[in-house]
$ cat data.cif   # mmCIF, C-alpha atoms
data_entry
loop_
_atom_site.label_atom_id
_atom_site.label_comp_id
_atom_site.auth_asym_id
_atom_site.auth_seq_id
_atom_site.Cartn_x
_atom_site.Cartn_y
_atom_site.Cartn_z
CA MET A 1 -9.63 48.20 70.30
CA LYS A 2 -6.89 46.86 72.47
CA LYS A 3 -5.10 43.88 70.97
CA THR A 4 -2.97 41.23 72.57
CA MET A 5 -0.13 39.74 70.62
CA GLN A 6 0.10 36.55 72.66
CA ARG A 7 -0.70 33.84 70.11
CA ARG A 8 -0.45 30.09 70.09
CA SER A 9 2.70 29.54 68.10
CA LEU A 10 2.74 27.35 65.04
CA LEU A 11 5.51 29.33 63.42
CA ALA A 12 9.19 28.53 63.28
CA ALA A 13 11.62 30.06 65.73
CA SER A 14 12.97 32.23 62.93
CA LEU A 15 9.78 34.28 63.10
CA ALA A 16 10.37 35.39 66.68
CA GLY A 17 11.84 38.69 65.56
CA ALA A 18 8.76 39.48 63.52
CA PHE A 19 6.54 38.77 66.51
CA LEU A 20 8.58 41.16 68.65
CA TRP A 21 8.30 43.87 66.02
CA VAL A 22 4.54 43.47 65.75
CA ALA A 23 4.13 43.44 69.53
CA ALA A 24 5.73 46.87 69.66
CA MET A 25 2.98 48.43 67.51
CA PRO A 26 1.03 51.04 69.47
CA VAL A 27 -2.49 50.26 70.67
CA GLN A 28 -5.05 52.57 69.12
CA ALA A 29 -8.07 54.32 70.59
CA ALA A 30 -11.19 52.26 71.18
CA ASP A 31 -12.79 53.24 67.85
CA THR A 32 -9.70 52.74 65.69
CA ALA A 33 -7.46 49.72 65.12
CA VAL A 34 -4.33 49.14 63.06
CA ILE A 35 -4.42 45.89 61.08
CA ARG A 36 -1.69 44.11 59.15
CA ILE A 37 -2.09 42.86 55.59
CA ALA A 38 0.74 40.61 54.36
CA TYR A 39 1.33 39.15 50.93
CA ASN A 40 4.15 37.58 48.97
CA LEU A 41 4.39 39.52 45.69
CA PRO A 42 5.52 43.03 44.70
CA LYS A 43 3.14 45.96 44.98
CA ASP A 44 3.02 46.45 41.21
CA HIS A 45 1.88 42.86 40.54
CA ALA A 46 -1.85 42.19 40.06
CA THR A 47 -1.76 40.30 43.38
CA GLY A 48 -0.21 43.33 45.03
CA LEU A 49 -2.82 45.54 43.39
CA TYR A 50 -5.54 43.52 45.11
CA PHE A 51 -4.04 43.93 48.57
CA GLU A 52 -3.09 47.58 48.18
CA THR A 53 -6.59 48.37 46.85
CA LEU A 54 -8.07 46.34 49.69
CA ALA A 55 -6.11 48.39 52.23
CA ARG A 56 -7.18 51.73 50.76
CA GLU A 57 -10.82 50.69 50.51
CA ILE A 58 -10.90 49.30 54.04
CA ASP A 59 -9.52 52.58 55.37
CA LYS A 60 -12.09 54.56 53.39
CA LEU A 61 -15.15 52.34 53.89
CA THR A 62 -14.66 51.76 57.64
CA ALA A 63 -14.13 55.45 58.38
CA SER A 64 -17.81 55.79 59.26
CA THR A 65 -18.38 52.36 60.84
CA ALA A 66 -18.27 51.39 64.51
CA LEU A 67 -14.57 50.53 64.16
CA HIS A 68 -12.26 52.41 61.82
CA LEU A 69 -9.59 50.02 60.52
CA LYS A 70 -6.22 51.48 59.54
CA PRO A 71 -4.38 48.88 57.41
CA ARG A 72 -0.63 48.55 57.05
CA THR A 73 0.55 46.45 54.12
CA PHE A 74 3.65 44.26 53.98
CA PRO A 75 4.33 43.24 50.35
CA ASN A 76 6.83 40.86 48.82
CA GLY A 77 7.22 38.61 51.85
CA GLN A 78 8.52 41.44 54.06
CA LEU A 79 6.72 40.14 57.13
CA TYR A 80 5.94 36.51 56.18
CA ASN A 81 6.65 34.62 52.96
CA ASP A 82 4.22 32.33 51.14
CA THR A 83 5.22 29.25 53.16
CA GLN A 84 4.62 31.06 56.47
CA LEU A 85 1.39 32.94 55.74
CA PRO A 86 -1.05 30.06 56.44
CA ASP A 87 0.20 29.86 60.03
CA ALA A 88 0.49 33.64 60.34
CA VAL A 89 -3.17 34.19 59.44
CA SER A 90 -4.57 31.21 61.34
CA THR A 91 -2.79 32.23 64.57
CA GLY A 92 -3.61 35.92 64.20
CA ALA A 93 -0.02 37.05 63.70
CA VAL A 94 -1.53 39.07 60.84
CA GLU A 95 -5.18 39.95 60.38
CA ILE A 96 -5.29 39.48 56.58
CA GLY A 97 -2.96 37.60 54.27
CA GLN A 98 -2.42 36.02 50.87
CA MET A 99 -3.19 32.31 50.94
CA ASN A 100 -1.49 29.74 48.74
CA ILE A 101 -3.31 26.44 49.24
CA GLY A 102 -0.23 24.64 48.00
CA PHE A 103 1.33 25.27 51.40
CA MET A 104 -1.66 23.94 53.36
CA ASN A 105 -2.02 20.30 54.37
CA GLY A 106 -4.22 18.11 56.50
CA PRO A 107 -7.91 17.21 56.82
CA GLY A 108 -10.05 19.92 55.29
CA THR A 109 -7.80 20.63 52.32
CA GLU A 110 -8.90 17.71 50.12
CA ALA A 111 -11.67 19.58 48.28
CA LEU A 112 -9.54 22.73 48.07
CA ARG A 113 -6.94 20.82 46.04
CA ILE A 114 -9.04 21.51 42.94
CA TRP A 115 -7.27 24.87 42.99
CA GLY A 116 -4.01 23.26 41.88
CA LEU A 117 -5.25 20.91 39.15
CA PRO A 118 -3.45 21.65 35.86
CA PHE A 119 -5.35 22.58 32.71
CA LEU A 120 -8.52 23.07 34.75
CA TYR A 121 -9.86 26.17 32.96
CA ASN A 122 -10.07 26.96 29.28
CA SER A 123 -10.05 30.76 29.73
CA TRP A 124 -9.85 33.63 32.17
CA GLU A 125 -13.60 34.04 31.87
CA ALA A 126 -14.19 30.42 32.94
CA LEU A 127 -11.98 31.01 35.99
CA TRP A 128 -13.93 34.12 36.98
CA LYS A 129 -17.31 32.51 36.38
CA THR A 130 -16.28 29.63 38.64
CA GLU A 131 -15.02 31.93 41.37
CA ASP A 132 -18.24 33.96 41.24
CA ASN A 133 -20.33 30.85 41.84
CA PRO A 134 -21.61 31.20 45.44
CA VAL A 135 -21.44 27.45 46.10
CA PHE A 136 -17.82 27.31 44.98
CA LYS A 137 -16.74 30.21 47.21
CA LYS A 138 -18.82 28.99 50.16
CA THR A 139 -17.07 25.61 50.02
CA PHE A 140 -13.68 27.29 50.18
CA ASP A 141 -14.76 29.51 53.06
CA GLU A 142 -16.11 26.54 55.04
CA GLN A 143 -12.87 24.65 54.60
CA PHE A 144 -10.76 27.66 55.58
CA GLY A 145 -12.88 27.91 58.71
CA LYS A 146 -11.41 24.61 59.86
CA PHE A 147 -8.02 26.35 59.94
CA GLY A 148 -9.21 29.40 61.85
CA MET A 149 -9.59 31.57 58.76
CA HIS A 150 -12.37 33.37 56.90
CA MET A 151 -12.12 33.82 53.13
CA LEU A 152 -12.53 37.40 51.92
CA GLY A 153 -12.07 36.95 48.17
CA TRP A 154 -10.09 35.75 45.18
CA VAL A 155 -6.72 37.35 44.49
CA GLN A 156 -5.89 37.28 40.80
CA TYR A 157 -2.40 36.10 39.94
CA GLY A 158 -2.27 35.07 36.27
CA THR A 159 -1.24 32.09 34.21
CA VAL A 160 1.38 29.58 35.36
CA ASP A 161 4.00 27.76 33.28
CA PHE A 162 7.36 26.04 33.48
CA TYR A 163 10.61 28.01 33.17
CA ALA A 164 14.10 26.54 33.20
CA SER A 165 17.74 26.90 32.30
CA LYS A 166 17.18 24.11 29.74
CA PRO A 167 14.65 23.84 26.88
CA ILE A 168 11.24 22.37 27.79
CA ASN A 169 8.86 21.52 24.98
CA LEU A 170 7.21 18.18 25.69
CA PRO A 171 6.59 16.19 28.91
CA ALA A 172 9.61 14.00 28.21
CA ASP A 173 11.84 17.07 28.63
CA MET A 174 10.84 17.23 32.31
CA LYS A 175 12.47 13.92 33.16
CA GLY A 176 15.17 14.35 35.77
CA LEU A 177 14.79 18.13 36.12
CA ARG A 178 14.84 19.62 39.61
CA MET A 179 12.00 22.13 39.59
CA ARG A 180 10.82 24.50 42.30
CA ALA A 181 7.20 23.85 43.21
CA PHE A 182 4.88 26.06 45.23
CA GLY A 183 3.37 23.46 47.47
CA VAL A 184 1.69 20.06 47.30
CA ASP A 185 -0.22 20.46 44.04
CA THR A 186 2.61 21.60 41.77
CA SER A 187 4.93 19.09 43.46
CA MET A 188 2.63 16.24 42.39
CA LEU A 189 2.47 17.59 38.84
CA ILE A 190 6.25 17.83 38.53
CA ARG A 191 6.59 14.33 40.00
CA ASP A 192 4.06 12.85 37.56
CA LEU A 193 5.92 14.45 34.66
CA GLY A 194 9.20 12.79 35.71
CA GLY A 195 10.84 15.74 37.44
CA SER A 196 11.98 16.21 41.03
CA PRO A 197 9.98 18.85 42.93
CA VAL A 198 11.84 21.16 45.32
CA SER A 199 9.98 23.32 47.82
CA LEU A 200 11.30 26.87 48.02
CA SER A 201 9.87 30.29 48.70
CA SER A 202 9.63 32.45 45.59
CA GLN A 203 12.28 34.77 47.04
CA GLU A 204 14.81 31.93 46.84
CA MET A 205 14.32 30.91 43.20
CA PHE A 206 16.82 33.23 41.53
CA GLN A 207 19.85 32.12 43.52
CA ALA A 208 18.78 28.48 43.44
CA VAL A 209 18.80 28.42 39.62
CA GLN A 210 21.92 30.57 39.47
CA ARG A 211 23.79 28.14 41.71
CA GLY A 212 22.45 25.05 39.93
CA THR A 213 20.53 23.86 42.98
CA ILE A 214 17.43 23.63 40.77
CA ASP A 215 16.99 23.61 36.99
CA GLY A 216 13.87 25.76 36.95
CA PHE A 217 10.50 26.44 38.46
CA ILE A 218 6.78 26.62 37.88
CA THR A 219 5.42 30.17 38.16
CA GLY A 220 3.82 32.93 36.12
CA PRO A 221 5.37 35.18 33.45
CA THR A 222 4.61 38.24 35.57
CA SER A 223 6.74 36.85 38.41
CA VAL A 224 9.53 35.85 36.02
CA TYR A 225 9.66 39.39 34.70
CA SER A 226 9.19 41.32 37.95
CA ARG A 227 11.77 39.21 39.82
CA LYS A 228 14.21 39.26 36.86
CA LEU A 229 14.24 35.48 36.76
CA TYR A 230 14.77 35.72 33.00
CA GLU A 231 18.43 36.32 33.80
CA VAL A 232 18.81 32.69 34.95
CA ALA A 233 15.94 30.90 33.16
CA LYS A 234 16.06 31.38 29.40
CA TYR A 235 13.40 28.83 28.41
CA GLY A 236 9.70 28.63 29.15
CA THR A 237 6.42 27.04 28.10
CA THR A 238 3.17 28.71 27.02
CA LEU A 239 0.87 25.91 28.16
CA GLY A 240 -1.33 27.89 30.52
CA ILE A 241 -0.96 25.14 33.11
CA ASN A 242 -3.09 27.16 35.51
CA TYR A 243 -5.25 30.24 35.36
CA LEU A 244 -4.43 31.02 38.94
CA SER A 245 -5.92 33.02 41.77
CA PHE A 246 -4.73 33.03 45.35
CA MET A 247 -7.15 33.76 48.19
CA ALA A 248 -7.33 36.59 50.67
CA THR A 249 -8.13 35.22 54.10
CA CYS A 250 -8.39 36.79 57.51
CA ASN A 251 -8.08 35.44 61.01
CA LEU A 252 -11.48 34.00 61.91
CA LYS A 253 -11.47 35.12 65.55
CA TRP A 254 -10.61 38.67 64.48
CA TRP A 255 -13.31 38.61 61.80
CA ASN A 256 -15.99 37.39 64.20
CA GLY A 257 -15.01 40.08 66.68
CA LEU A 258 -15.58 42.96 64.26
CA PRO A 259 -18.76 45.03 64.52
CA GLU A 260 -21.29 43.99 61.88
CA ASP A 261 -21.07 47.21 59.86
CA THR A 262 -17.26 46.97 59.84
CA ARG A 263 -17.40 43.38 58.54
CA LYS A 264 -19.70 44.47 55.73
CA ALA A 265 -17.33 47.28 54.81
CA VAL A 266 -14.33 44.91 54.69
CA ALA A 267 -16.28 42.49 52.47
CA GLN A 268 -17.22 45.36 50.16
CA ALA A 269 -13.57 46.46 50.02
CA SER A 270 -12.56 42.95 48.97
CA ASP A 271 -15.14 42.92 46.16
CA ILE A 272 -13.73 46.19 44.82
CA ALA A 273 -10.15 44.93 45.06
CA GLN A 274 -11.06 41.67 43.33
CA ARG A 275 -12.61 43.44 40.33
CA THR A 276 -9.66 45.81 40.09
CA ALA A 277 -7.06 43.02 40.10
CA ARG A 278 -8.93 40.97 37.50
CA GLU A 279 -8.95 43.86 35.07
CA ARG A 280 -5.21 44.25 35.47
CA ALA A 281 -4.03 40.63 35.55
CA LYS A 282 -5.06 39.60 32.04
CA ASP A 283 -3.22 42.48 30.39
CA ASP A 284 -0.19 42.10 32.64
CA ASP A 285 0.09 38.43 31.72
CA ARG A 286 0.16 39.18 28.00
CA ILE A 287 2.60 42.07 28.38
CA ALA A 288 4.94 40.02 30.57
CA LYS A 289 5.23 37.30 27.93
CA GLU A 290 6.11 39.91 25.31
CA ARG A 291 8.74 41.44 27.55
CA LEU A 292 10.27 38.05 28.37
CA LYS A 293 10.77 37.43 24.66
CA GLU A 294 12.48 40.82 24.42
CA LYS A 295 14.78 39.72 27.26
CA GLY A 296 15.80 36.63 25.30
CA VAL A 297 13.54 34.02 26.87
CA SER A 298 12.53 31.31 24.39
CA LEU A 299 8.86 30.44 24.92
CA SER A 300 7.75 27.19 23.32
CA GLU A 301 4.81 27.40 20.90
CA LEU A 302 3.02 24.05 20.67
CA ASN A 303 0.35 22.76 18.31
CA PRO A 304 -2.84 21.24 19.81
CA GLU A 305 -1.53 17.68 19.56
CA GLN A 306 1.67 18.55 21.42
CA ARG A 307 -0.22 20.41 24.13
CA GLN A 308 -2.51 17.41 24.54
CA GLN A 309 0.52 15.35 25.55
CA TRP A 310 0.86 17.56 28.62
CA VAL A 311 -2.84 17.28 29.42
CA ASP A 312 -2.76 13.49 29.11
CA ALA A 313 0.36 13.25 31.29
CA SER A 314 -1.44 15.03 34.14
CA ARG A 315 -4.68 13.01 34.15
CA GLY A 316 -3.64 10.95 37.14
CA LEU A 317 -3.94 14.05 39.32
CA TYR A 318 -7.63 14.31 38.44
CA GLU A 319 -8.25 10.71 39.40
CA ALA A 320 -6.48 11.18 42.72
CA TYR A 321 -8.45 14.36 43.41
CA ARG A 322 -11.84 12.78 42.76
CA GLU A 323 -10.96 9.87 45.03
CA LYS A 324 -9.76 12.00 47.95
CA ALA A 325 -12.24 14.89 47.68
CA GLY A 326 -15.32 12.67 47.30
CA PRO A 327 -18.80 14.14 46.61
CA GLN A 328 -17.69 17.63 47.63
CA GLY A 329 -14.90 17.58 45.07
CA SER A 330 -17.22 16.19 42.39
CA LYS A 331 -19.61 19.10 42.97
CA LEU A 332 -16.79 21.61 42.55
CA MET A 333 -15.69 19.87 39.34
CA GLU A 334 -19.24 20.15 37.99
CA ILE A 335 -19.17 23.90 38.60
CA VAL A 336 -15.85 24.22 36.75
CA ASP A 337 -17.05 22.08 33.83
CA ALA A 338 -20.21 24.18 33.51
CA ALA A 339 -18.15 27.38 33.50
CA ASN A 340 -15.80 26.06 30.79
CA LYS A 341 -18.75 25.06 28.59
CA SER A 342 -20.61 28.32 29.09
CA VAL A 343 -17.78 30.57 27.94
CA GLY A 344 -16.06 28.27 25.46
CA VAL A 345 -12.41 28.57 24.50
CA GLN A 346 -11.15 32.18 24.35
#

$ encode --input "data.cif" --output "structure tokens"
Amino acid sequence: MKKTMQRRSLLAASLAGAFLWVAAMPVQAADTAVIRIAYNLPKDHATGLYFETLAREIDKLTASTALHLKPRTFPNGQLYNDTQLPDAVSTGAVEIGQMNIGFMNGPGTEALRIWGLPFLYNSWEALWKTEDNPVFKKTFDEQFGKFGMHMLGWVQYGTVDFYASKPINLPADMKGLRMRAFGVDTSMLIRDLGGSPVSLSSQEMFQAVQRGTIDGFITGPTSVYSRKLYEVAKYGTTLGINYLSFMATCNLKWWNGLPEDTRKAVAQASDIAQRTARERAKDDDRIAKERLKEKGVSLSELNPEQRQQWVDASRGLYEAYREKAGPQGSKLMEIVDAANKSVGVQ
């Protein structure tokens, strides 16, 4: 399949070098095509496990289809970082990429903002039950379609909490802190808690804290450990602000152009990768917290009443979501509520 690398450009001029590199990739024979899979975390993270498993399974499962896809993976922001991937996938600069809704804006994202609501799920199992609901996933896929993308599956990340160079125990401790956010949703949370959100790629967090540009960040314990952020952020919370999954999306035009049997094989590969990453993420999250304590990170342990202060402080985000997302958002909230009730608190 011969590919053209002439794309409508929504990306910054700094990406020109990456485009030139990709354009130099050799064109394959008619029954074989090289595809690019880009994501923003290390290979050994649960998120990386999803994409590396996806690549292997695509190679294997499409070997006997009308088009044999040969994936190349680009982990840890090597090709595009988390802020750039929405444009990279929607324009076809990569075929498949990790999607962080926090870096997407505009009409069509309102319902998707449920993804970033804090304290949304009461357990991993409630998260997975929600994601497995066909109505929930279909809504996400339809909205991604408005941006020229097709949703392949959920990419397990883990829990998300605050980490800083100063102690954080209660919402009042957030006042005046400059905290790195990963997009719109976490920015609004930090703002509502009295902090000042700063938008940075995850690759920039270490030096930003080290230099005093920011006081901390919101991210997961697995990222804090794998990126050695514990060297600059010695305090963290154990609130479970989010049980978080990213999404794997592909360029819609590319997806629609695949032979039917190849599309089915790619979808099957994503299902396998999704199950594999889920099994890994829960254990990794627990282990990372233990290792952070060993590295000298103080993780706050709160009683139910103290934790409720955080929940109450974030309620305004729910009101704003219901207003902007309308009936579609209300339906998604009903699915989440049903999942939380069905599995209880783990």

$ residues_around --input "data.cif" --residues "A:Thr262" --least-positions-apart "6" --cutoff "10 Å" --atoms "only C-alpha atoms" --output "PyMOL selection string"
chain A and resi 58+61-69+255+268

$ atom_distance --input "data.cif" --atom1 "atom CA of A:Ser300" --atom2 "atom CA of A:Val232"
17.0 Å

$ resolve_selection --input "data.cif" --expression "the PyMOL selection byres ((chain A and resi 180) around 9)" --output "ChimeraX atom specification"
/A:178-179,181-182,186-187,190,196-202,205,208,214-219

$ atom_distance --input "data.cif" --atom1 "atom CA of A:Asn40" --atom2 "atom CA of A:Ser123"
24.9 Å

$ closest_residue --input "data.cif" --among "A:Arg72, A:Lys264, A:Ala269, A:Lys129" --to "A:Lys60" --atoms "only C-alpha atoms"
A:Ala269

$ closest_residue --input "data.cif" --among "A:Ala267, A:Met247, A:Thr83, A:Thr130" --to "A:Glu57" --atoms "only C-alpha atoms"
A:Ala267

$ resolve_selection --input "data.cif" --expression "the PyMOL selection byres ((chain A and resi 117) around 10)" --output "PyMOL selection string"
chain A and resi 113-116+118-121+185-186+188-189+241-242+314-315+317-318+321

$ atom_distance --input "data.cif" --atom1 "atom CA of A:Glu319" --atom2 "atom CA of A:Thr109"
16.3 Å

$ residues_around --input "data.cif" --residues "A:Arg36" --least-positions-apart "5" --cutoff "12 Å" --atoms "all atoms listed in the file" --output "compact mmCIF listing (two decimals) with C-alpha atoms, in the coordinates of the input"
# COMPACT_ATOMS: atom_id res chain seq x y z
CA VAL A 22 4.54 43.47 65.75
CA ALA A 23 4.13 43.44 69.53
CA MET A 25 2.98 48.43 67.51
CA PHE A 51 -4.04 43.93 48.57
CA GLU A 52 -3.09 47.58 48.18
CA LEU A 54 -8.07 46.34 49.69
CA ALA A 55 -6.11 48.39 52.23
CA ILE A 58 -10.90 49.30 54.04
CA LEU A 69 -9.59 50.02 60.52
CA LYS A 70 -6.22 51.48 59.54
CA PRO A 71 -4.38 48.88 57.41
CA ARG A 72 -0.63 48.55 57.05
CA THR A 73 0.55 46.45 54.12
CA PHE A 74 3.65 44.26 53.98
CA PRO A 75 4.33 43.24 50.35
CA GLN A 78 8.52 41.44 54.06
CA LEU A 79 6.72 40.14 57.13
CA TYR A 80 5.94 36.51 56.18
CA ALA A 88 0.49 33.64 60.34
CA VAL A 89 -3.17 34.19 59.44
CA GLY A 92 -3.61 35.92 64.20
CA ALA A 93 -0.02 37.05 63.70
CA VAL A 94 -1.53 39.07 60.84
CA GLU A 95 -5.18 39.95 60.38
CA ILE A 96 -5.29 39.48 56.58
CA GLY A 97 -2.96 37.60 54.27
CA GLN A 98 -2.42 36.02 50.87
CA CYS A 250 -8.39 36.79 57.51
CA ASN A 251 -8.08 35.44 61.01
CA TRP A 254 -10.61 38.67 64.48

$ residues_around --input "data.cif" --residues "A:Arg280" --least-positions-apart "2" --cutoff "10 Å" --atoms "all atoms listed in the file" --output "ChimeraX atom specification"
/A:45-47,49-50,156-158,275-278,282-285

$ resolve_selection --input "data.cif" --expression "the PyMOL selection byres ((chain A and resi 110) around 9)" --output "mmCIF file with C-alpha atoms, keeping the file's coordinate frame"
data_model
loop_
_atom_site.group_PDB
_atom_site.id
_atom_site.type_symbol
_atom_site.label_atom_id
_atom_site.label_comp_id
_atom_site.auth_asym_id
_atom_site.auth_seq_id
_atom_site.Cartn_x
_atom_site.Cartn_y
_atom_site.Cartn_z
ATOM 1 C CA ASN A 105 -2.020 20.300 54.370
ATOM 2 C CA GLY A 106 -4.220 18.110 56.500
ATOM 3 C CA PRO A 107 -7.910 17.210 56.820
ATOM 4 C CA GLY A 108 -10.050 19.920 55.290
ATOM 5 C CA THR A 109 -7.800 20.630 52.320
ATOM 6 C CA ALA A 111 -11.670 19.580 48.280
ATOM 7 C CA LEU A 112 -9.540 22.730 48.070
ATOM 8 C CA ARG A 113 -6.940 20.820 46.040
ATOM 9 C CA ILE A 114 -9.040 21.510 42.940
ATOM 10 C CA TYR A 321 -8.450 14.360 43.410
ATOM 11 C CA LYS A 324 -9.760 12.000 47.950
ATOM 12 C CA ALA A 325 -12.240 14.890 47.680
ATOM 13 C CA GLY A 326 -15.320 12.670 47.300
ATOM 14 C CA GLY A 329 -14.900 17.580 45.070
#

$ residues_around --input "data.cif" --residues "A:Thr249" --least-positions-apart "3" --cutoff "10 Å" --atoms "only C-alpha atoms" --output "short mmCIF file (atom, residue, chain, number, x, y, z; two decimals) with C-alpha atoms, in the coordinates of the input"
data_model
loop_
_atom_site.label_atom_id
_atom_site.label_comp_id
_atom_site.auth_asym_id
_atom_site.auth_seq_id
_atom_site.Cartn_x
_atom_site.Cartn_y
_atom_site.Cartn_z
CA ILE A 37 -2.09 42.86 55.59
CA LEU A 85 1.39 32.94 55.74
CA PRO A 86 -1.05 30.06 56.44
CA VAL A 89 -3.17 34.19 59.44
CA SER A 90 -4.57 31.21 61.34
CA GLU A 95 -5.18 39.95 60.38
CA ILE A 96 -5.29 39.48 56.58
CA GLY A 97 -2.96 37.60 54.27
CA GLN A 98 -2.42 36.02 50.87
CA MET A 99 -3.19 32.31 50.94
CA ASP A 141 -14.76 29.51 53.06
CA PHE A 144 -10.76 27.66 55.58
CA GLY A 145 -12.88 27.91 58.71
CA GLY A 148 -9.21 29.40 61.85
CA MET A 149 -9.59 31.57 58.76
CA HIS A 150 -12.37 33.37 56.90
CA MET A 151 -12.12 33.82 53.13
CA LEU A 152 -12.53 37.40 51.92
CA GLY A 153 -12.07 36.95 48.17
CA TRP A 154 -10.09 35.75 45.18
CA VAL A 155 -6.72 37.35 44.49
CA PHE A 246 -4.73 33.03 45.35
CA LEU A 252 -11.48 34.00 61.91
CA TRP A 255 -13.31 38.61 61.80
#

$ closest_residue --input "data.cif" --among "A:Pro134, A:Gly296, A:Pro42, A:Pro171" --to "A:Glu231" --atoms "all atoms listed in the file"
A:Gly296

$ closest_residue --input "data.cif" --among "A:Arg263, A:Lys253, A:Ser270, A:Leu239" --to "A:Leu170" --atoms "only C-alpha atoms"
A:Leu239

$ closest_residue --input "data.cif" --among "A:Glu125, A:Pro327, A:Asp59, A:Phe136" --to "A:Val34" --atoms "only C-alpha atoms"
A:Asp59

$ closest_residue --input "data.cif" --among "A:Ala172, A:Val135, A:Leu229, A:Leu41" --to "A:Leu292" --atoms "only C-alpha atoms"
A:Leu229
